[in-house]
Structures are given as structure tokens and as C-alpha cells.
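Enquirer: Structure file final_27.cif (mmCIF, C-alpha atoms and all ligand atoms) is given on the next line.
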data_query
#
loop_
_atom_site.label_atom_id
_atom_site.label_comp_id
_atom_site.auth_asym_id
_atom_site.auth_seq_id
_atom_site.Cartn_x
_atom_site.Cartn_y
_atom_site.Cartn_z
CA MET G 990 12.93 -15.98 2.52
CA LEU G 991 11.58 -12.78 1.00
CA VAL G 992 12.72 -13.93 -2.44
CA VAL G 993 10.90 -17.23 -2.11
CA LEU G 994 7.69 -15.46 -1.15
CA LEU G 995 7.87 -13.25 -4.21
CA LEU G 996 8.16 -16.15 -6.64
CA PRO G 997 5.20 -17.14 -8.79
CA PRO G 998 3.41 -20.08 -7.12
CA GLU G 999 4.30 -22.60 -9.83
CA HIS G 1000 8.02 -22.30 -9.04
CA ASP G 1001 9.58 -24.06 -6.10
CA ALA G 1002 12.14 -22.66 -3.68
CA SER G 1003 15.04 -23.97 -5.77
CA TYR G 1004 14.14 -21.57 -8.56
CA ASN G 1005 16.91 -19.03 -9.03
CA LEU G 1006 15.44 -15.57 -9.35
CA ALA G 1007 18.78 -14.05 -10.37
CA MET G 1008 18.69 -16.19 -13.52
CA LEU G 1009 15.76 -14.13 -14.77
CA ILE G 1010 18.09 -11.17 -14.95
CA SER G 1011 21.22 -12.86 -16.27
CA HIS G 1012 19.64 -15.47 -18.55
CA THR G 1013 17.55 -13.89 -21.28
CA ILE G 1014 15.72 -17.06 -22.39
CA SER G 1015 14.62 -17.80 -18.80
CA PHE G 1016 13.16 -14.30 -18.62
CA VAL G 1017 11.36 -14.79 -21.94
CA LYS G 1018 9.90 -18.10 -20.78
CA ILE G 1019 8.49 -16.59 -17.59
CA ILE G 1020 6.73 -13.93 -19.68
CA MET G 1021 5.46 -16.47 -22.20
CA GLU G 1022 4.19 -18.82 -19.47
CA LYS G 1023 1.99 -15.96 -18.29
CA VAL G 1024 0.80 -15.01 -21.78
CA ILE G 1025 0.11 -18.46 -23.25
CA LEU G 1026 -2.87 -20.56 -22.18
CA PRO G 1027 -3.63 -24.21 -22.95
CA GLY G 1028 -5.34 -24.40 -26.34
CA ASP G 1029 -3.55 -21.35 -27.79
CA ILE G 1030 -2.01 -21.09 -31.26
CA VAL G 1031 1.67 -20.08 -31.12
CA VAL G 1032 4.71 -19.89 -33.41
CA ASP G 1033 8.38 -20.73 -32.99
CA ALA G 1034 9.89 -18.56 -35.74
CA THR G 1035 13.34 -20.20 -35.46
CA THR G 1036 13.06 -23.80 -34.27
CA GLY G 1037 16.81 -24.55 -34.32
CA ASN G 1038 17.42 -27.43 -31.91
CA GLY G 1039 13.80 -27.37 -30.73
CA ILE G 1040 14.27 -26.21 -27.16
CA ASP G 1041 11.79 -23.35 -27.56
CA THR G 1042 9.43 -25.47 -29.69
CA LEU G 1043 9.24 -28.05 -26.90
CA PHE G 1044 8.54 -25.31 -24.36
CA LEU G 1045 5.74 -23.89 -26.54
CA SER G 1046 4.28 -27.34 -27.20
CA GLN G 1047 4.06 -27.97 -23.45
CA CYS G 1048 2.56 -24.50 -22.81
CA VAL G 1049 -0.31 -24.90 -25.28
CA GLY G 1050 -0.92 -28.59 -24.51
CA PRO G 1051 -2.83 -31.13 -26.63
CA GLU G 1052 -5.66 -28.69 -27.44
CA GLY G 1053 -3.31 -26.01 -28.77
CA HIS G 1054 -0.96 -25.89 -31.72
CA VAL G 1055 2.61 -24.78 -32.48
CA PHE G 1056 3.84 -23.82 -35.94
CA GLY G 1057 7.63 -24.07 -36.16
CA PHE G 1058 9.69 -22.39 -38.90
CA ASP G 1059 13.29 -22.99 -39.88
CA VAL G 1060 15.12 -22.85 -43.20
CA GLN G 1061 17.25 -25.92 -42.37
CA GLN G 1062 16.01 -29.50 -42.56
CA GLN G 1063 18.63 -30.40 -39.95
CA ALA G 1064 16.99 -28.01 -37.48
CA LEU G 1065 13.54 -29.47 -38.09
CA ASP G 1066 14.92 -33.01 -37.66
CA GLN G 1067 16.58 -32.05 -34.38
CA THR G 1068 13.37 -30.42 -33.22
CA ARG G 1069 11.20 -33.43 -34.07
CA LYS G 1070 13.69 -35.70 -32.32
CA ARG G 1071 13.58 -33.56 -29.17
CA LEU G 1072 9.77 -33.50 -29.18
CA ASN G 1073 9.66 -37.31 -29.51
CA ILE G 1074 12.24 -37.96 -26.80
CA LYS G 1075 10.39 -35.67 -24.40
CA ASN G 1076 6.97 -37.17 -25.25
CA ALA G 1077 5.63 -33.76 -26.21
CA PRO G 1078 1.96 -33.48 -27.13
CA ASP G 1079 1.22 -34.18 -30.80
CA ASN G 1080 0.57 -30.51 -31.52
CA VAL G 1081 3.50 -29.25 -33.63
CA THR G 1082 3.64 -28.53 -37.38
CA LEU G 1083 7.19 -28.01 -38.62
CA LEU G 1084 7.77 -26.03 -41.81
CA GLN G 1085 11.03 -25.76 -43.73
CA VAL G 1086 10.18 -22.22 -44.76
CA GLY G 1087 11.60 -18.79 -43.92
CA HIS G 1088 9.69 -17.05 -41.13
CA GLU G 1089 9.16 -14.05 -43.40
CA LEU G 1090 6.47 -16.19 -45.07
CA MET G 1091 4.69 -16.84 -41.77
CA ALA G 1092 1.35 -15.23 -42.67
CA ARG G 1093 1.28 -17.02 -46.03
CA MET G 1094 2.00 -20.40 -44.45
CA LEU G 1095 -0.45 -20.22 -41.56
CA PRO G 1096 -3.91 -21.57 -42.42
CA ASP G 1097 -6.49 -18.77 -42.80
CA GLU G 1098 -8.45 -20.04 -39.79
CA PHE G 1099 -5.53 -19.08 -37.53
CA HIS G 1100 -5.09 -15.54 -38.84
CA GLY G 1101 -5.79 -13.16 -35.97
CA GLN G 1102 -5.56 -16.07 -33.51
CA VAL G 1103 -1.83 -16.33 -32.77
CA MET G 1104 -1.05 -15.63 -29.11
CA ALA G 1105 2.74 -15.79 -29.07
CA VAL G 1106 5.68 -15.82 -31.47
CA MET G 1107 9.24 -16.56 -30.34
CA PHE G 1108 12.28 -15.48 -32.38
CA ASN G 1109 15.70 -16.70 -31.26
CA LEU G 1110 17.98 -15.13 -33.85
CA GLY G 1111 21.41 -16.23 -35.07
CA TYR G 1112 22.70 -19.57 -36.33
CA LEU G 1113 21.98 -23.18 -35.40
CA PRO G 1114 24.41 -24.04 -32.57
CA GLY G 1115 26.84 -26.75 -33.68
CA SER G 1116 25.98 -26.29 -37.35
CA ASN G 1117 26.81 -24.15 -40.39
CA GLU G 1118 27.34 -20.64 -39.02
CA ASN G 1119 26.78 -19.13 -42.46
CA ILE G 1120 23.10 -20.04 -42.33
CA VAL G 1121 22.01 -17.26 -40.07
CA THR G 1122 19.06 -14.95 -39.57
CA CYS G 1123 19.42 -11.47 -41.09
CA ALA G 1124 17.49 -8.21 -40.91
CA ALA G 1125 16.33 -8.44 -44.53
CA THR G 1126 14.09 -11.37 -43.57
CA THR G 1127 13.74 -10.87 -39.80
CA CYS G 1128 12.05 -7.45 -40.15
CA PRO G 1129 9.43 -8.67 -42.66
CA ALA G 1130 8.92 -11.70 -40.40
CA ILE G 1131 8.10 -9.43 -37.44
CA ASP G 1132 5.55 -7.58 -39.58
CA SER G 1133 4.17 -10.90 -40.78
CA ALA G 1134 3.85 -12.13 -37.18
CA LEU G 1135 2.02 -8.96 -36.14
CA SER G 1136 -0.43 -9.46 -39.02
CA VAL G 1137 -1.58 -12.87 -37.70
CA MET G 1138 -1.61 -12.17 -33.96
CA LYS G 1139 -4.54 -11.48 -31.74
CA PRO G 1140 -4.66 -8.39 -29.51
CA GLY G 1141 -2.71 -9.05 -26.32
CA GLY G 1142 -0.43 -11.53 -28.06
CA VAL G 1143 3.32 -11.24 -27.47
CA ILE G 1144 6.38 -11.56 -29.70
CA SER G 1145 9.79 -12.18 -28.13
CA ILE G 1146 12.96 -11.50 -30.12
CA VAL G 1147 16.27 -12.63 -28.64
CA MET G 1148 19.17 -11.10 -30.57
CA TYR G 1149 22.87 -11.96 -30.34
CA THR G 1150 25.66 -9.62 -31.36
CA GLY G 1151 28.64 -11.98 -30.92
CA HIS G 1152 28.64 -13.64 -34.35
CA PRO G 1153 29.43 -12.02 -37.72
CA GLY G 1154 26.41 -10.02 -38.84
CA GLY G 1155 24.71 -10.28 -35.45
CA GLN G 1156 25.34 -6.68 -34.43
CA LYS G 1157 24.16 -5.39 -37.82
CA GLU G 1158 20.98 -7.45 -37.56
CA ALA G 1159 20.28 -6.32 -33.99
CA VAL G 1160 20.68 -2.63 -34.91
CA ALA G 1161 18.36 -2.99 -37.91
CA VAL G 1162 15.73 -4.98 -35.97
CA ASP G 1163 15.86 -2.42 -33.14
CA LYS G 1164 15.35 0.38 -35.63
CA HIS G 1165 12.51 -1.43 -37.36
CA CYS G 1166 10.68 -2.12 -34.12
CA ALA G 1167 11.14 1.49 -32.96
CA THR G 1168 9.12 2.60 -35.98
CA LEU G 1169 6.14 0.29 -35.37
CA SER G 1170 2.96 2.27 -34.84
CA PRO G 1171 2.05 2.50 -31.13
CA ASN G 1172 -1.51 1.73 -32.26
CA LEU G 1173 -0.33 -1.61 -33.62
CA ALA G 1174 2.18 -2.66 -30.98
CA ARG G 1175 4.01 -1.73 -27.80
CA VAL G 1176 7.71 -2.56 -27.83
CA ARG G 1177 9.89 -3.08 -24.75
CA ARG G 1178 13.66 -3.33 -25.13
CA CYS G 1179 15.82 -5.13 -22.52
CA THR G 1180 19.60 -5.10 -22.38
CA MET G 1181 22.24 -5.78 -19.75
CA HIS G 1182 22.49 -2.12 -18.80
CA ASN G 1183 25.79 -2.09 -16.90
CA HIS G 1184 27.57 -4.59 -19.16
CA PRO G 1185 28.26 -2.93 -22.53
CA ALA G 1186 29.91 -6.08 -23.92
CA ALA G 1187 26.84 -8.26 -23.28
CA GLN G 1188 25.92 -10.05 -26.47
CA THR G 1189 22.25 -10.76 -25.90
CA HIS G 1190 19.43 -8.27 -26.36
CA LEU G 1191 15.72 -8.77 -26.03
CA LEU G 1192 12.70 -7.11 -27.59
CA LEU G 1193 9.20 -7.86 -26.33
CA ILE G 1194 6.32 -6.74 -28.51
CA GLU G 1195 2.71 -6.64 -27.40
CA ARG G 1196 0.16 -6.73 -30.24
CA ARG G 1197 -2.53 -4.17 -29.49
C1 LIG A 1201 19.69 -19.55 -32.64
S1 LIG A 1201 18.92 -20.74 -33.68
C2 LIG A 1201 17.38 -21.03 -32.89
C3 LIG A 1201 17.47 -21.80 -31.60
C4 LIG A 1201 16.17 -22.46 -31.21
N1 LIG A 1201 15.11 -21.53 -30.92
C5 LIG A 1201 16.28 -23.50 -30.11
O1 LIG A 1201 15.49 -23.50 -29.19
O2 LIG A 1201 17.18 -24.35 -30.22
C6 LIG A 1201 18.46 -19.79 -35.10
C7 LIG A 1201 17.80 -20.60 -36.20
O3 LIG A 1201 17.24 -19.70 -37.15
C8 LIG A 1201 17.23 -20.36 -38.39
N2 LIG A 1201 16.96 -19.41 -39.49
C9 LIG A 1201 17.83 -18.65 -40.20
N3 LIG A 1201 17.16 -17.90 -41.09
C10 LIG A 1201 15.84 -18.18 -40.94
C11 LIG A 1201 14.63 -17.73 -41.58
N4 LIG A 1201 14.64 -16.82 -42.55
N5 LIG A 1201 13.46 -18.28 -41.18
C12 LIG A 1201 13.42 -19.21 -40.19
N6 LIG A 1201 14.52 -19.67 -39.54
C13 LIG A 1201 15.71 -19.15 -39.92
C14 LIG A 1201 18.57 -21.06 -38.44
O4 LIG A 1201 18.56 -22.11 -39.36
C15 LIG A 1201 18.73 -21.52 -36.97
O5 LIG A 1201 18.34 -22.86 -36.83
#
Is it possible to express this structure as C-alpha cells?
Ligand SMILES: C[S@@+](CC[C@H](N)C(=O)[O-])C[C@H]1O[C@@H](n2cnc3c(N)ncnc32)[C@H](O)[C@@H]1O

Expert:
Amino acid sequence: MLVVLLLPPEHDASYNLAMLISHTISFVKIIMEKVILPGDIVVDATTGNGIDTLFLSQCVGPEGHVFGFDVQQQALDQTRKRLNIKNAPDNVTLLQVGHELMARMLPDEFHGQVMAVMFNLGYLPGSNENIVTCAATTCPAIDSALSVMKPGGVISIVMYTGHPGGQKEAVAVDKHCATLSPNLARVRRCTMHNHPAAQTHLLLIERR
């Protein structure tokens, strides 16, 4: 009963609080639901199969806009298909461009206006595992995201260490984010503390 009372009002009693601890994406979505308001401008930096893009599209609603980046046409096709099937608002621009070019690709009018950016690193599930995010582009993409965000905006970065190159990327992204000026951003790092083999790590960055 106590657990139910502690839940945010928009969640019903069937909501599983424990999932927020064990399931990283659920945790990210709770944070983002609090940060994003209808009408906001947001970015999905890795659209993949479009699950996060759909979530963002629904959060910002018809008055807002989502810019989705992925290097694979297949990912953008999957994302568009998901948005159509779910009758998402017509508020998503999909770009087959690396997220490291985010600032260059976003129209000038949105610079300084972006409220949230979601990174879900790794490869497209069910696809070519060699096409994968890597620190050489992820770190510049984080800097690029920070350059277009408004104060109070939040970046989430979900990192996986289970695939080849994943651990190397996570270490480099961690290191990069640890060096961000505290005047520019506050960085929170979340891991499964008592489970050293856990393969998912999360960074949350608040643009100041
Ligand atoms: C784990 S998947 C993303 C999952 C997705 N967020 C979802 O909801 O289904 C990672 C994606 O990053 C993409 N990717 C790899 N390098 C990239 C880059 N430089 N810029 C943007 N996307 C990239 C891959 O093509 C892949 O689709």
C-alpha cells in the first residue's frame, strides 16, 4: 500500500516500482516524462527501432517536435513504421545523419531550445552488429547536444558493455562526461551497484 501511495499520480497501481531500478530505460522514461512538456523540442540521437522516438513524440505532442538521428536507413524505416502504426502525432523529422552532426542539422531557430536528448548506444537489435555507436562520434555528439540545449534540459545516455566495443565506448564516454565543466552541465552516473556483471550503465546530464 505504501508503494502505491508513493507512485506519481499518472501511474496506476499495476505499475511496478521495482522495474525503475532493474530496467534502465523505464527509469530514463520516468525522468524524461518529468522534464519534457507538451510543445518542447527534443532529440532521439539513436532512433534504432523507434521505441524511444515514439515515446518522445507522445511526450511533446502535436505542438512539439522530435528530431531523430540514425546512420541506417533501415532504422529510420522501422521508426517511421512504428510511428504510423501507433498513430503518433505528426511531429517527427528523421535524419539519416550521424548524431555528431546534431547542431549542424538542427535549424537555427531551435538552437538553445532543445529540452531533452536521448542516446541509446550500441547496435540496432536484429540487424548488422558491426554498425554500432563508438566513442569517436558519441563524445562529439554529447558536446553537440549540449550546444543546442536550453538550461534545465536533460541528456540521457544508456550504454551497454555486452557487445564488442561496448565496454571501450562506455569507459571513454564516462571519462568524457567526467571532464565536462560543472558550469556547463551536471552529470549523474547510475550503475547496478551490487551486480558487477551488469551490462547497462546510465549517464544523466543536466544542461545548466
Ligand atoms: C541500440 S540502437 C537504438 C535503439 C532505439 N533507441 C530504440 O528505441 O529502438 C542504436 C542505434 O544507433 C545507431 N547509430 C550508430 N552510430 C550512430 C551515429 N553516429 N549517429 C546516430 N545513430 C547511430 C545504430 O544504427 C542503431 O540503430

Enquirer: Counting only C-alpha atoms, which of G:Leu1193, G:Met1148, G:Ile1025, G:Ala1124 gets nearest to G:Asn1109?

Expert: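 Result for the nearest residue to G:Asn1109: G:Met1148.
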
Enquirer: Go through G:Ile1010, G:Ala1130, G:Leu1065, G:Ala1077 and flag the residue nearest G:Leu1043, using all atoms listed in the file for the distances.

Expert: G:Ala1077

Enquirer: Enumerate as a ChimeraX atom specification the residues within 8 Å of ligand LIG 1201 (chain A), counting all atoms listed in the file.

Expert: /G:1033-1042,1058-1061,1064,1068,1085-1089,1107-1114,1120-1123,1126-1127,1130

Enquirer: What is the distance, in Å and to one decimal place, between atom CA of G:Pro1051 and atom CA of G:Ile1194?

Expert: 26.1 Å

Enquirer: Between atom CA of G:Lys1157 and atom CA of G:Ala1186, what is the distance in Å, rounded to a tenth?

Expert: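 Separation between atom CA of G:Lys1157 and atom CA of G:Ala1186: 15.1 Å.
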
Enquirer: Using Å and a single decimal, report how far atom CA of G:Ile1019 sits from atom CA of G:Gln1067.

Expert: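 Interatomic distance, atom CA of G:Gln1067 to atom CA of G:Ile1019: 24.2 Å.
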
Enquirer: Give me the residues within 7 Å of G:Lys1139 as a ChimeraX atom specification, counting all atoms listed in the file and dropping any in the same chain fewer than 3 places off.

Expert: /G:1101-1104,1142,1196

Enquirer: Can you work out which one of G:His1190, G:Phe1056, G:Val1081, G:Asn1117 has the shortest atom-to-atom distance to G:Val1160, counting only C-alpha atoms?

Expert: G:His1190

Enquirer: Find the residues near G:Val1162: any atom within 7 Å, counting all atoms listed in the file, skip ones fewer than 4 places away on the same chain, and give them as a list in words.

Expert: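 Everything that qualifies: Ala1124, Cys1128, Glu1158 and Cys1166 of chain G.
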
Enquirer: Put the listed atoms of stretch 1008-1019 of chain G in a box along x, y and z with 3 Å added on every side and give me the centre and edge lengths in Å to one decimal, as AutoDock Vina command-line options.

Expert:
--center_x 14.9 --center_y -14.6 --center_z -18.0 --size_x 18.7 --size_y 12.9 --size_z 14.9

Enquirer: Which residues are close to G:Leu1191, i.e. within 12 Å by all atoms listed in the file, leaving aside same-chain residues fewer than 6 positions away? Reply as a ChimeraX atom specification.

Expert: /G:1010-1017,1107-1110,1144-1150,1159-1160,1162-1163,1166,1176-1182

Enquirer: Enumerate, as a CSV table (one decimal) with C-alpha atoms, keeping the file's coordinate frame, the protein, DNA and RNA residues whose atoms approach (5.6, -18.2, -23.7) to within 8 Å, taking into account only C-alpha atoms and the coordinate frame of the file.

Expert:
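Saved as out-v7.csv:
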chain,number,residue,atom,x,y,z
G,1017,VAL,CA,11.4,-14.8,-21.9
G,1018,LYS,CA,9.9,-18.1,-20.8
G,1019,ILE,CA,8.5,-16.6,-17.6
G,1020,ILE,CA,6.7,-13.9,-19.7
G,1021,MET,CA,5.5,-16.5,-22.2
G,1022,GLU,CA,4.2,-18.8,-19.5
G,1023,LYS,CA,2.0,-16.0,-18.3
G,1024,VAL,CA,0.8,-15.0,-21.8
G,1025,ILE,CA,0.1,-18.5,-23.2
G,1044,PHE,CA,8.5,-25.3,-24.4
G,1045,LEU,CA,5.7,-23.9,-26.5
G,1048,CYS,CA,2.6,-24.5,-22.8
G,1105,ALA,CA,2.7,-15.8,-29.1
G,1107,MET,CA,9.2,-16.6,-30.3

Enquirer: Which one of G:Gln1188, G:Asn1005, G:Gln1062, G:Asn1080 sits closest to G:Gly1050 if you count all atoms listed in the file?

Expert: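 When distances to G:Gly1050 are compared using all atoms listed in the file, the smallest one comes from G:Asn1080.
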
Enquirer: Between G:Val1106, G:Met1094, G:Ala1125, G:Val1055, which residue has the minimum interatomic distance to G:Ala1161, considering all atoms listed in the file?

Expert: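 Going through G:Val1106, G:Met1094, G:Ala1125, G:Val1055 one by one, the smallest distance to G:Ala1161 is for G:Ala1125.
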
Enquirer: Name the residues, using the chain letters and numbers of the file, that sit within 8 Å of (-2.7, -31.4, -24.7) when counting only C-alpha atoms, and give them as an mmCIF file with C-alpha atoms, in the coordinates of the input.

Expert:
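As written to disk, out37.cif reads:
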data_model
loop_
_atom_site.group_PDB
_atom_site.id
_atom_site.type_symbol
_atom_site.label_atom_id
_atom_site.label_comp_id
_atom_site.auth_asym_id
_atom_site.auth_seq_id
_atom_site.Cartn_x
_atom_site.Cartn_y
_atom_site.Cartn_z
ATOM 1 C CA PRO G 1027 -3.630 -24.210 -22.950
ATOM 2 C CA GLY G 1028 -5.340 -24.400 -26.340
ATOM 3 C CA GLN G 1047 4.060 -27.970 -23.450
ATOM 4 C CA VAL G 1049 -0.310 -24.900 -25.280
ATOM 5 C CA GLY G 1050 -0.920 -28.590 -24.510
ATOM 6 C CA PRO G 1051 -2.830 -31.130 -26.630
ATOM 7 C CA GLU G 1052 -5.660 -28.690 -27.440
ATOM 8 C CA GLY G 1053 -3.310 -26.010 -28.770
ATOM 9 C CA PRO G 1078 1.960 -33.480 -27.130
ATOM 10 C CA ASP G 1079 1.220 -34.180 -30.800
ATOM 11 C CA ASN G 1080 0.570 -30.510 -31.520
#
